[in-house]
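Quick look at my_file-v2.cif (mmCIF, C-alpha atoms):
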data_final
#
loop_
_atom_site.group_PDB
_atom_site.id
_atom_site.type_symbol
_atom_site.label_atom_id
_atom_site.label_comp_id
_atom_site.auth_asym_id
_atom_site.auth_seq_id
_atom_site.Cartn_x
_atom_site.Cartn_y
_atom_site.Cartn_z
ATOM 1 C CA MET A 10 14.497 139.578 191.626
ATOM 2 C CA LYS A 11 13.468 137.567 188.536
ATOM 3 C CA LYS A 12 15.370 139.984 186.281
ATOM 4 C CA SER A 13 18.506 139.606 188.428
ATOM 5 C CA LEU A 14 18.306 135.799 188.330
ATOM 6 C CA LEU A 15 17.837 135.918 184.557
ATOM 7 C CA LEU A 16 20.893 138.164 184.190
ATOM 8 C CA VAL A 17 23.065 135.781 186.238
ATOM 9 C CA SER A 18 21.821 132.821 184.188
ATOM 10 C CA VAL A 19 22.797 134.603 180.972
ATOM 11 C CA LEU A 20 26.251 135.375 182.376
ATOM 12 C CA ILE A 21 26.762 131.744 183.380
ATOM 13 C CA ILE A 22 25.743 130.443 179.973
ATOM 14 C CA SER A 23 27.965 133.020 178.260
ATOM 15 C CA ALA A 24 30.941 132.006 180.395
ATOM 16 C CA LEU A 25 30.688 128.278 179.689
ATOM 17 C CA PRO A 26 32.477 128.269 176.293
ATOM 18 C CA ALA A 27 35.445 130.208 177.697
ATOM 19 C CA PHE A 28 35.956 127.827 180.598
ATOM 20 C CA SER A 29 35.000 124.541 178.948
ATOM 21 C CA GLN A 30 38.085 124.091 176.779
ATOM 22 C CA ASP A 31 39.534 121.602 179.288
ATOM 23 C CA GLU A 32 38.052 118.155 179.694
ATOM 24 C CA PRO A 33 35.495 118.318 182.525
ATOM 25 C CA SER A 34 36.833 116.640 185.661
ATOM 26 C CA LYS A 35 33.316 115.797 186.901
ATOM 27 C CA LYS A 36 34.379 116.541 190.466
ATOM 28 C CA ILE A 37 31.846 117.359 193.158
ATOM 29 C CA ILE A 38 32.941 119.538 196.084
ATOM 30 C CA VAL A 39 30.862 119.774 199.253
ATOM 31 C CA ASP A 40 31.483 122.388 201.981
ATOM 32 C CA VAL A 41 29.949 122.654 205.431
ATOM 33 C CA PHE A 42 30.643 125.931 207.181
ATOM 34 C CA TYR A 43 30.056 128.413 209.953
ATOM 35 C CA GLY A 44 30.278 132.152 209.359
ATOM 36 C CA GLY A 45 29.877 135.578 210.800
ATOM 37 C CA PRO A 46 29.157 138.060 212.018
ATOM 38 C CA ASN A 47 25.519 137.579 213.015
ATOM 39 C CA LEU A 48 24.507 141.064 211.930
ATOM 40 C CA ILE A 49 21.012 141.175 213.459
ATOM 41 C CA SER A 50 22.299 140.093 216.890
ATOM 42 C CA SER A 51 24.982 142.789 216.706
ATOM 43 C CA ILE A 52 22.399 145.466 215.799
ATOM 44 C CA VAL A 53 20.079 144.380 218.613
ATOM 45 C CA THR A 54 22.909 144.470 221.153
ATOM 46 C CA ALA A 55 23.938 147.966 220.063
ATOM 47 C CA ASP A 56 20.357 149.238 220.204
ATOM 48 C CA VAL A 57 19.715 147.748 223.639
ATOM 49 C CA ASN A 58 22.913 149.229 225.028
ATOM 50 C CA THR A 59 21.822 152.731 223.938
ATOM 51 C CA SER A 60 18.088 152.433 224.690
ATOM 52 C CA GLY A 61 18.286 154.270 227.994
ATOM 53 C CA TYR A 62 16.273 151.655 229.875
ATOM 54 C CA ASN A 63 17.494 150.019 233.053
ATOM 55 C CA SER A 64 16.706 146.533 231.885
ATOM 56 C CA SER A 65 17.667 142.915 232.128
ATOM 57 C CA THR A 66 18.574 141.919 228.590
ATOM 58 C CA LYS A 67 19.418 138.670 226.854
ATOM 59 C CA VAL A 68 20.572 138.575 223.247
ATOM 60 C CA ARG A 69 21.428 135.289 221.573
ATOM 61 C CA GLY A 70 22.542 134.527 218.065
ATOM 62 C CA PHE A 71 23.534 131.451 216.105
ATOM 63 C CA GLY A 72 25.004 131.170 212.646
ATOM 64 C CA PRO A 73 25.202 131.680 209.795
ATOM 65 C CA ILE A 74 25.660 127.925 209.415
ATOM 66 C CA GLY A 75 25.268 126.208 206.101
ATOM 67 C CA ALA A 76 26.439 124.029 203.252
ATOM 68 C CA ARG A 77 27.281 124.389 199.591
ATOM 69 C CA ILE A 78 27.903 122.054 196.695
ATOM 70 C CA ASP A 79 29.954 122.828 193.588
ATOM 71 C CA TYR A 80 30.056 120.774 190.410
ATOM 72 C CA MET A 81 33.234 121.205 188.366
ATOM 73 C CA VAL A 82 32.031 121.833 184.834
ATOM 74 C CA SER A 83 35.667 122.187 183.777
ATOM 75 C CA LYS A 84 39.068 122.635 185.344
ATOM 76 C CA ASN A 85 38.362 126.319 185.996
ATOM 77 C CA LEU A 86 34.595 126.606 186.332
ATOM 78 C CA SER A 87 32.034 125.249 188.773
ATOM 79 C CA LEU A 88 28.293 125.654 189.171
ATOM 80 C CA GLY A 89 26.590 124.977 192.467
ATOM 81 C CA MET A 90 24.132 125.812 195.201
ATOM 82 C CA GLU A 91 24.504 127.353 198.664
ATOM 83 C CA VAL A 92 22.152 127.392 201.648
ATOM 84 C CA HIS A 93 22.772 128.947 205.047
ATOM 85 C CA HIS A 94 20.703 129.834 208.088
ATOM 86 C CA ALA A 95 21.069 132.306 210.956
ATOM 87 C CA THR A 96 18.887 133.031 213.952
ATOM 88 C CA SER A 97 18.733 135.798 216.555
ATOM 89 C CA ALA A 98 16.730 135.931 219.772
ATOM 90 C CA PHE A 99 16.170 138.845 222.133
ATOM 91 C CA GLU A 100 14.426 139.109 225.494
ATOM 92 C CA ARG A 101 14.344 141.847 228.136
ATOM 93 C CA GLU A 102 12.373 143.097 231.098
ATOM 94 C CA VAL A 103 11.905 146.826 231.623
ATOM 95 C CA THR A 104 10.482 148.456 234.756
ATOM 96 C CA THR A 105 9.141 152.021 234.507
ATOM 97 C CA THR A 106 7.596 154.248 237.176
ATOM 98 C CA SER A 107 5.326 157.170 236.352
ATOM 99 C CA ASN A 108 3.033 159.114 238.745
ATOM 100 C CA GLY A 109 3.534 156.488 241.400
ATOM 101 C CA THR A 110 2.566 153.628 239.073
ATOM 102 C CA THR A 111 5.094 150.916 238.305
ATOM 103 C CA GLU A 112 4.837 148.975 235.081
ATOM 104 C CA VAL A 113 6.846 145.942 234.062
ATOM 105 C CA PHE A 114 7.239 145.339 230.346
ATOM 106 C CA LYS A 115 8.559 142.107 228.857
ATOM 107 C CA ASP A 116 9.325 141.994 225.177
ATOM 108 C CA LYS A 117 10.595 139.098 223.108
ATOM 109 C CA LEU A 118 11.888 138.922 219.565
ATOM 110 C CA SER A 119 13.077 136.128 217.297
ATOM 111 C CA VAL A 120 14.414 136.608 213.764
ATOM 112 C CA ASN A 121 15.265 133.703 211.464
ATOM 113 C CA ARG A 122 16.945 134.112 208.085
ATOM 114 C CA THR A 123 17.559 131.449 205.443
ATOM 115 C CA ARG A 124 19.420 132.251 202.238
ATOM 116 C CA ILE A 125 19.238 130.004 199.172
ATOM 117 C CA TYR A 126 21.138 130.769 196.006
ATOM 118 C CA PRO A 127 22.803 129.163 192.991
ATOM 119 C CA ARG A 128 26.462 130.083 192.557
ATOM 120 C CA LEU A 129 29.132 130.359 189.910
ATOM 121 C CA ALA A 130 32.848 130.045 190.754
ATOM 122 C CA ALA A 131 36.029 130.542 188.746
ATOM 123 C CA HIS A 132 38.969 128.460 190.049
ATOM 124 C CA PHE A 133 42.642 129.436 189.865
ATOM 125 C CA GLY A 134 44.452 126.970 192.129
ATOM 126 C CA LYS A 135 46.658 123.985 191.412
ATOM 127 C CA GLY A 136 46.943 120.602 193.044
ATOM 128 C CA ASN A 137 45.627 120.533 196.586
ATOM 129 C CA LEU A 138 45.188 124.326 196.694
ATOM 130 C CA ASP A 139 41.936 125.625 195.231
ATOM 131 C CA ALA A 140 41.608 129.419 195.101
ATOM 132 C CA TYR A 141 38.411 130.785 193.597
ATOM 133 C CA TRP A 142 36.176 133.793 192.968
ATOM 134 C CA PHE A 143 32.455 133.217 193.393
ATOM 135 C CA LEU A 144 29.170 134.902 192.552
ATOM 136 C CA ALA A 145 25.882 133.798 194.127
ATOM 137 C CA THR A 146 22.406 135.279 193.757
ATOM 138 C CA GLY A 147 19.014 134.028 194.905
ATOM 139 C CA PHE A 148 16.625 134.872 197.717
ATOM 140 C CA ALA A 149 16.450 135.150 201.503
ATOM 141 C CA LEU A 150 13.523 134.056 203.659
ATOM 142 C CA TRP A 151 12.955 136.257 206.716
ATOM 143 C CA ASN A 152 10.659 135.279 209.555
ATOM 144 C CA SER A 153 10.284 137.428 212.678
ATOM 145 C CA ASP A 154 8.087 137.329 215.740
ATOM 146 C CA TYR A 155 7.856 140.213 218.220
ATOM 147 C CA SER A 156 5.639 140.400 221.305
ATOM 148 C CA VAL A 157 5.215 142.714 224.298
ATOM 149 C CA GLN A 158 3.570 141.945 227.628
ATOM 150 C CA SER A 159 2.991 144.224 230.608
ATOM 151 C CA ASN A 160 1.373 143.986 234.036
ATOM 152 C CA SER A 161 -1.137 146.676 233.010
ATOM 153 C CA ASN A 162 -1.736 145.549 229.409
ATOM 154 C CA SER A 163 -0.346 148.892 228.262
ATOM 155 C CA SER A 164 0.616 149.409 224.627
ATOM 156 C CA GLN A 165 2.834 152.451 225.252
ATOM 157 C CA PHE A 166 6.087 150.528 225.161
ATOM 158 C CA THR A 167 8.093 150.892 221.937
ATOM 159 C CA GLY A 168 10.182 148.030 220.624
ATOM 160 C CA ILE A 169 13.336 148.184 218.540
ATOM 161 C CA PRO A 170 12.549 150.152 215.333
ATOM 162 C CA ILE A 171 15.153 148.439 213.156
ATOM 163 C CA LEU A 172 13.495 145.096 213.830
ATOM 164 C CA ASP A 173 10.032 146.081 212.602
ATOM 165 C CA LEU A 174 10.193 143.367 209.960
ATOM 166 C CA GLU A 175 7.361 141.759 208.087
ATOM 167 C CA ARG A 176 6.667 138.192 209.072
ATOM 168 C CA GLY A 177 7.522 135.687 206.392
ATOM 169 C CA SER A 178 9.034 138.131 203.886
ATOM 170 C CA THR A 179 11.190 137.095 200.919
ATOM 171 C CA VAL A 180 13.950 139.396 199.670
ATOM 172 C CA PHE A 181 16.686 139.325 197.048
ATOM 173 C CA ALA A 182 19.991 137.779 198.223
ATOM 174 C CA PHE A 183 23.424 138.333 196.723
ATOM 175 C CA ARG A 184 26.969 137.354 197.684
ATOM 176 C CA THR A 185 30.344 137.582 195.943
ATOM 177 C CA GLY A 186 33.930 137.274 197.111
ATOM 178 C CA LEU A 187 37.118 135.213 197.200
ATOM 179 C CA GLY A 188 37.793 131.875 198.811
ATOM 180 C CA VAL A 189 40.400 129.161 199.188
ATOM 181 C CA ARG A 190 40.318 125.425 199.842
ATOM 182 C CA TYR A 191 43.238 123.248 200.855
ATOM 183 C CA PHE A 192 42.962 119.476 200.658
ATOM 184 C CA PHE A 193 45.111 117.394 203.016
ATOM 185 C CA THR A 194 44.215 114.282 201.044
ATOM 186 C CA GLU A 195 42.568 113.631 197.707
ATOM 187 C CA THR A 196 39.121 113.955 199.273
ATOM 188 C CA PHE A 197 39.332 115.875 202.575
ATOM 189 C CA GLY A 198 40.327 119.469 203.407
ATOM 190 C CA PHE A 199 39.238 122.823 204.803
ATOM 191 C CA HIS A 200 38.139 126.146 203.329
ATOM 192 C CA ALA A 201 37.629 129.817 204.131
ATOM 193 C CA ASP A 202 36.226 132.747 202.198
ATOM 194 C CA LEU A 203 35.531 136.469 202.434
ATOM 195 C CA GLY A 204 32.557 138.084 200.760
ATOM 196 C CA ILE A 205 30.029 140.893 200.652
ATOM 197 C CA GLY A 206 26.334 140.167 200.955
ATOM 198 C CA GLY A 207 25.390 137.538 203.511
ATOM 199 C CA PRO A 208 28.198 136.466 205.867
ATOM 200 C CA LEU A 209 31.370 138.545 205.808
ATOM 201 C CA PHE A 210 33.376 135.334 206.219
ATOM 202 C CA THR A 211 32.825 131.577 206.353
ATOM 203 C CA PHE A 212 35.104 128.663 207.235
ATOM 204 C CA GLY A 213 34.698 124.921 207.534
ATOM 205 C CA LEU A 214 35.387 121.482 206.101
ATOM 206 C CA SER A 215 35.486 120.418 202.458
ATOM 207 C CA SER A 216 35.176 117.111 200.676
ATOM 208 C CA ARG A 217 35.523 116.273 196.984
ATOM 209 C CA PHE A 218 34.603 113.180 195.049
#
Please lay out the structure from this file as structure tokens.
Amino acid sequence: MKKSLLLVSVLIISALPAFSQDEPSKKIIVDVFYGGPNLISSIVTADVNTSGYNSSTKVRGFGPIGARIDYMVSKNLSLGMEVHHATSAFEREVTTTSNGTTEVFKDKLSVNRTRIYPRLAAHFGKGNLDAYWFLATGFALWNSDYSVQSNSNSSQFTGIPILDLERGSTVFAFRTGLGVRYFFTETFGFHADLGIGGPLFTFGLSSRF
């Protein structure tokens, strides 16, 4: 991950002379956004639906929700930071009967993900329309908690394999794509983007000052 961050830093520094020919506008742009899809919640739902158990299942997901800030180094280049958070929660009750013995299993899972990464954006819009390409790389913090309870204290119940995550793990995070902002006034507008890595899409409100 350190090598990847170093590579992005070198690319940013190398790009500055090419984009800094215009007088820096010293504009700050702040976005707040909601995105999707919540991939973990979608995976859990698909796994539960094909598990073969006759169970009462609840799957909840929220986010990604987040914010970003861009500083306009020049008319066509910005450097910034992005943070977003998503959470997924899963709960079900499974009743099994074997050799005349009935067991009731209850399992619960929560998965929280927070991504933090610096970003570079190249801007191509004019006036109130700001179209841009962005590149962001940093790290993601994963925290998961899984528990199983049964009326017989049995340990024979198997959870969802794809969610066998380490608690408190940190992994490399990357996102790139295209976005657009439109400002209704000099300071207020909305935005949307499409990307790979992290949320497939985000949308929300923008402010510049």
Worksheet item: Where does the PyMOL selection byres ((chain A and resi 71-80) around 9) land in this file, that is, which residues does it pick, as a PyMOL selection string?
Response: chain A and resi 35-47+50+69-70+81-83+86-98+122-123+128-130+207-208+211
Worksheet entry | Option closest in space to Phe181 (chain A), from A:Gln158, A:Thr110, A:Thr146, A:Thr194 [counting all atoms listed in the file] |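 Of the candidates, the smallest distance to Phe181 (chain A) is held by A:Thr146.
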Item to complete: Go ahead and compute the interatomic distance for CA of Tyr126 (chain A) and CA of Ile205 (chain A), in Å to one decimal.
Response: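 It comes out at 14.3 Å.
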Item to complete: With a distance cut-off of 12 Å and all atoms listed in the file, select the neighbouring residues of Val68 (chain A), excluding the residue or stretch itself and same-chain residues fewer than 3 positions from it, and output the selection as a VMD selection string.
Response: chain A and resid 47 49 to 58 65 71 96 to 101 116 to 120
Worksheet item: Please, what distance in Å, to one decimal, runs between CA of Gly213 (chain A) and CA of Phe183 (chain A)?
Response: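 Going from CA of Gly213 (chain A) over to CA of Phe183 (chain A), I get 20.6 Å.
Taking only C-alpha atoms into account, Val189 (chain A) lies nearest to A:Asn137 out of the set A:Asn137, A:Trp151, A:Val157, A:Arg124.
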Mind completing region 102-137 of chain A with N, CA and C atoms? Output as a PDB file, in the coordinates of the input, please?
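This went into out-v7.pdb:
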ATOM      1  N   GLU A 102      13.413 142.661 230.169  1.00  0.00           N
ATOM      2  CA  GLU A 102      12.373 143.097 231.098  1.00  0.00           C
ATOM      3  C   GLU A 102      12.682 144.516 231.522  1.00  0.00           C
ATOM      4  N   VAL A 103      11.718 145.403 231.350  1.00  0.00           N
ATOM      5  CA  VAL A 103      11.905 146.826 231.623  1.00  0.00           C
ATOM      6  C   VAL A 103      10.886 147.277 232.655  1.00  0.00           C
ATOM      7  N   THR A 104      11.366 147.928 233.711  1.00  0.00           N
ATOM      8  CA  THR A 104      10.482 148.456 234.756  1.00  0.00           C
ATOM      9  C   THR A 104      10.465 149.974 234.674  1.00  0.00           C
ATOM     10  N   THR A 105       9.280 150.569 234.564  1.00  0.00           N
ATOM     11  CA  THR A 105       9.141 152.021 234.507  1.00  0.00           C
ATOM     12  C   THR A 105       8.195 152.478 235.609  1.00  0.00           C
ATOM     13  N   THR A 106       8.447 153.670 236.135  1.00  0.00           N
ATOM     14  CA  THR A 106       7.596 154.248 237.176  1.00  0.00           C
ATOM     15  C   THR A 106       7.165 155.639 236.748  1.00  0.00           C
ATOM     16  N   SER A 107       5.863 155.877 236.742  1.00  0.00           N
ATOM     17  CA  SER A 107       5.326 157.170 236.352  1.00  0.00           C
ATOM     18  C   SER A 107       4.116 157.483 237.224  1.00  0.00           C
ATOM     19  N   ASN A 108       4.134 158.674 237.882  1.00  0.00           N
ATOM     20  CA  ASN A 108       3.033 159.114 238.745  1.00  0.00           C
ATOM     21  C   ASN A 108       2.683 158.073 239.807  1.00  0.00           C
ATOM     22  N   GLY A 109       3.727 157.469 240.342  1.00  0.00           N
ATOM     23  CA  GLY A 109       3.534 156.488 241.400  1.00  0.00           C
ATOM     24  C   GLY A 109       3.104 155.115 240.939  1.00  0.00           C
ATOM     25  N   THR A 110       2.982 154.917 239.620  1.00  0.00           N
ATOM     26  CA  THR A 110       2.566 153.628 239.073  1.00  0.00           C
ATOM     27  C   THR A 110       3.761 152.922 238.441  1.00  0.00           C
ATOM     28  N   THR A 111       3.985 151.708 238.839  1.00  0.00           N
ATOM     29  CA  THR A 111       5.094 150.916 238.305  1.00  0.00           C
ATOM     30  C   THR A 111       4.574 149.924 237.288  1.00  0.00           C
ATOM     31  N   GLU A 112       5.200 149.922 236.127  1.00  0.00           N
ATOM     32  CA  GLU A 112       4.837 148.975 235.081  1.00  0.00           C
ATOM     33  C   GLU A 112       6.052 148.130 234.721  1.00  0.00           C
ATOM     34  N   VAL A 113       5.803 146.870 234.476  1.00  0.00           N
ATOM     35  CA  VAL A 113       6.846 145.942 234.062  1.00  0.00           C
ATOM     36  C   VAL A 113       6.521 145.450 232.657  1.00  0.00           C
ATOM     37  N   PHE A 114       7.407 145.762 231.731  1.00  0.00           N
ATOM     38  CA  PHE A 114       7.239 145.339 230.346  1.00  0.00           C
ATOM     39  C   PHE A 114       8.207 144.189 230.051  1.00  0.00           C
ATOM     40  N   LYS A 115       7.720 143.199 229.340  1.00  0.00           N
ATOM     41  CA  LYS A 115       8.559 142.107 228.857  1.00  0.00           C
ATOM     42  C   LYS A 115       8.362 142.002 227.355  1.00  0.00           C
ATOM     43  N   ASP A 116       9.443 142.158 226.619  1.00  0.00           N
ATOM     44  CA  ASP A 116       9.325 141.994 225.177  1.00  0.00           C
ATOM     45  C   ASP A 116      10.294 140.926 224.687  1.00  0.00           C
ATOM     46  N   LYS A 117       9.828 140.206 223.675  1.00  0.00           N
ATOM     47  CA  LYS A 117      10.595 139.098 223.108  1.00  0.00           C
ATOM     48  C   LYS A 117      10.599 139.227 221.587  1.00  0.00           C
ATOM     49  N   LEU A 118      11.737 138.859 221.015  1.00  0.00           N
ATOM     50  CA  LEU A 118      11.888 138.922 219.565  1.00  0.00           C
ATOM     51  C   LEU A 118      12.687 137.727 219.083  1.00  0.00           C
ATOM     52  N   SER A 119      12.273 137.142 217.985  1.00  0.00           N
ATOM     53  CA  SER A 119      13.077 136.128 217.297  1.00  0.00           C
ATOM     54  C   SER A 119      13.083 136.446 215.808  1.00  0.00           C
ATOM     55  N   VAL A 120      14.253 136.347 215.193  1.00  0.00           N
ATOM     56  CA  VAL A 120      14.414 136.608 213.764  1.00  0.00           C
ATOM     57  C   VAL A 120      15.193 135.453 213.155  1.00  0.00           C
ATOM     58  N   ASN A 121      14.613 134.813 212.157  1.00  0.00           N
ATOM     59  CA  ASN A 121      15.265 133.703 211.464  1.00  0.00           C
ATOM     60  C   ASN A 121      15.451 134.067 209.998  1.00  0.00           C
ATOM     61  N   ARG A 122      16.645 133.799 209.486  1.00  0.00           N
ATOM     62  CA  ARG A 122      16.945 134.112 208.085  1.00  0.00           C
ATOM     63  C   ARG A 122      17.551 132.888 207.406  1.00  0.00           C
ATOM     64  N   THR A 123      17.015 132.539 206.251  1.00  0.00           N
ATOM     65  CA  THR A 123      17.559 131.449 205.443  1.00  0.00           C
ATOM     66  C   THR A 123      17.821 131.960 204.041  1.00  0.00           C
ATOM     67  N   ARG A 124      19.048 131.811 203.585  1.00  0.00           N
ATOM     68  CA  ARG A 124      19.420 132.251 202.238  1.00  0.00           C
ATOM     69  C   ARG A 124      19.645 131.028 201.357  1.00  0.00           C
ATOM     70  N   ILE A 125      19.098 131.089 200.147  1.00  0.00           N
ATOM     71  CA  ILE A 125      19.238 130.004 199.172  1.00  0.00           C
ATOM     72  C   ILE A 125      19.626 130.630 197.840  1.00  0.00           C
ATOM     73  N   TYR A 126      20.783 130.218 197.299  1.00  0.00           N
ATOM     74  CA  TYR A 126      21.138 130.769 196.006  1.00  0.00           C
ATOM     75  C   TYR A 126      22.073 129.871 195.201  1.00  0.00           C
ATOM     76  N   PRO A 127      21.848 129.807 193.888  1.00  0.00           N
ATOM     77  CA  PRO A 127      22.803 129.163 192.991  1.00  0.00           C
ATOM     78  C   PRO A 127      24.062 130.009 192.911  1.00  0.00           C
ATOM     79  N   ARG A 128      25.185 129.367 192.583  1.00  0.00           N
ATOM     80  CA  ARG A 128      26.462 130.083 192.557  1.00  0.00           C
ATOM     81  C   ARG A 128      27.311 129.641 191.372  1.00  0.00           C
ATOM     82  N   LEU A 129      28.153 130.553 190.968  1.00  0.00           N
ATOM     83  CA  LEU A 129      29.132 130.359 189.910  1.00  0.00           C
ATOM     84  C   LEU A 129      30.497 130.657 190.500  1.00  0.00           C
ATOM     85  N   ALA A 130      31.506 129.813 190.223  1.00  0.00           N
ATOM     86  CA  ALA A 130      32.848 130.045 190.754  1.00  0.00           C
ATOM     87  C   ALA A 130      33.890 129.807 189.674  1.00  0.00           C
ATOM     88  N   ALA A 131      34.875 130.686 189.634  1.00  0.00           N
ATOM     89  CA  ALA A 131      36.029 130.542 188.746  1.00  0.00           C
ATOM     90  C   ALA A 131      37.225 130.141 189.600  1.00  0.00           C
ATOM     91  N   HIS A 132      37.910 129.055 189.228  1.00  0.00           N
ATOM     92  CA  HIS A 132      38.969 128.460 190.049  1.00  0.00           C
ATOM     93  C   HIS A 132      40.343 128.738 189.434  1.00  0.00           C
ATOM     94  N   PHE A 133      41.306 129.044 190.333  1.00  0.00           N
ATOM     95  CA  PHE A 133      42.642 129.436 189.865  1.00  0.00           C
ATOM     96  C   PHE A 133      43.761 128.640 190.529  1.00  0.00           C
ATOM     97  N   GLY A 134      43.434 127.698 191.392  1.00  0.00           N
ATOM     98  CA  GLY A 134      44.452 126.970 192.129  1.00  0.00           C
ATOM     99  C   GLY A 134      45.041 125.811 191.355  1.00  0.00           C
ATOM    100  N   LYS A 135      46.014 125.151 191.992  1.00  0.00           N
ATOM    101  CA  LYS A 135      46.658 123.985 191.412  1.00  0.00           C
ATOM    102  C   LYS A 135      46.838 122.936 192.502  1.00  0.00           C
ATOM    103  N   GLY A 136      46.717 121.685 192.108  1.00  0.00           N
ATOM    104  CA  GLY A 136      46.943 120.602 193.044  1.00  0.00           C
ATOM    105  C   GLY A 136      45.944 120.615 194.187  1.00  0.00           C
ATOM    106  N   ASN A 137      46.484 120.569 195.399  1.00  0.00           N
ATOM    107  CA  ASN A 137      45.627 120.533 196.586  1.00  0.00           C
ATOM    108  C   ASN A 137      45.116 121.912 196.998  1.00  0.00           C
TER     109      ASN A 137
END
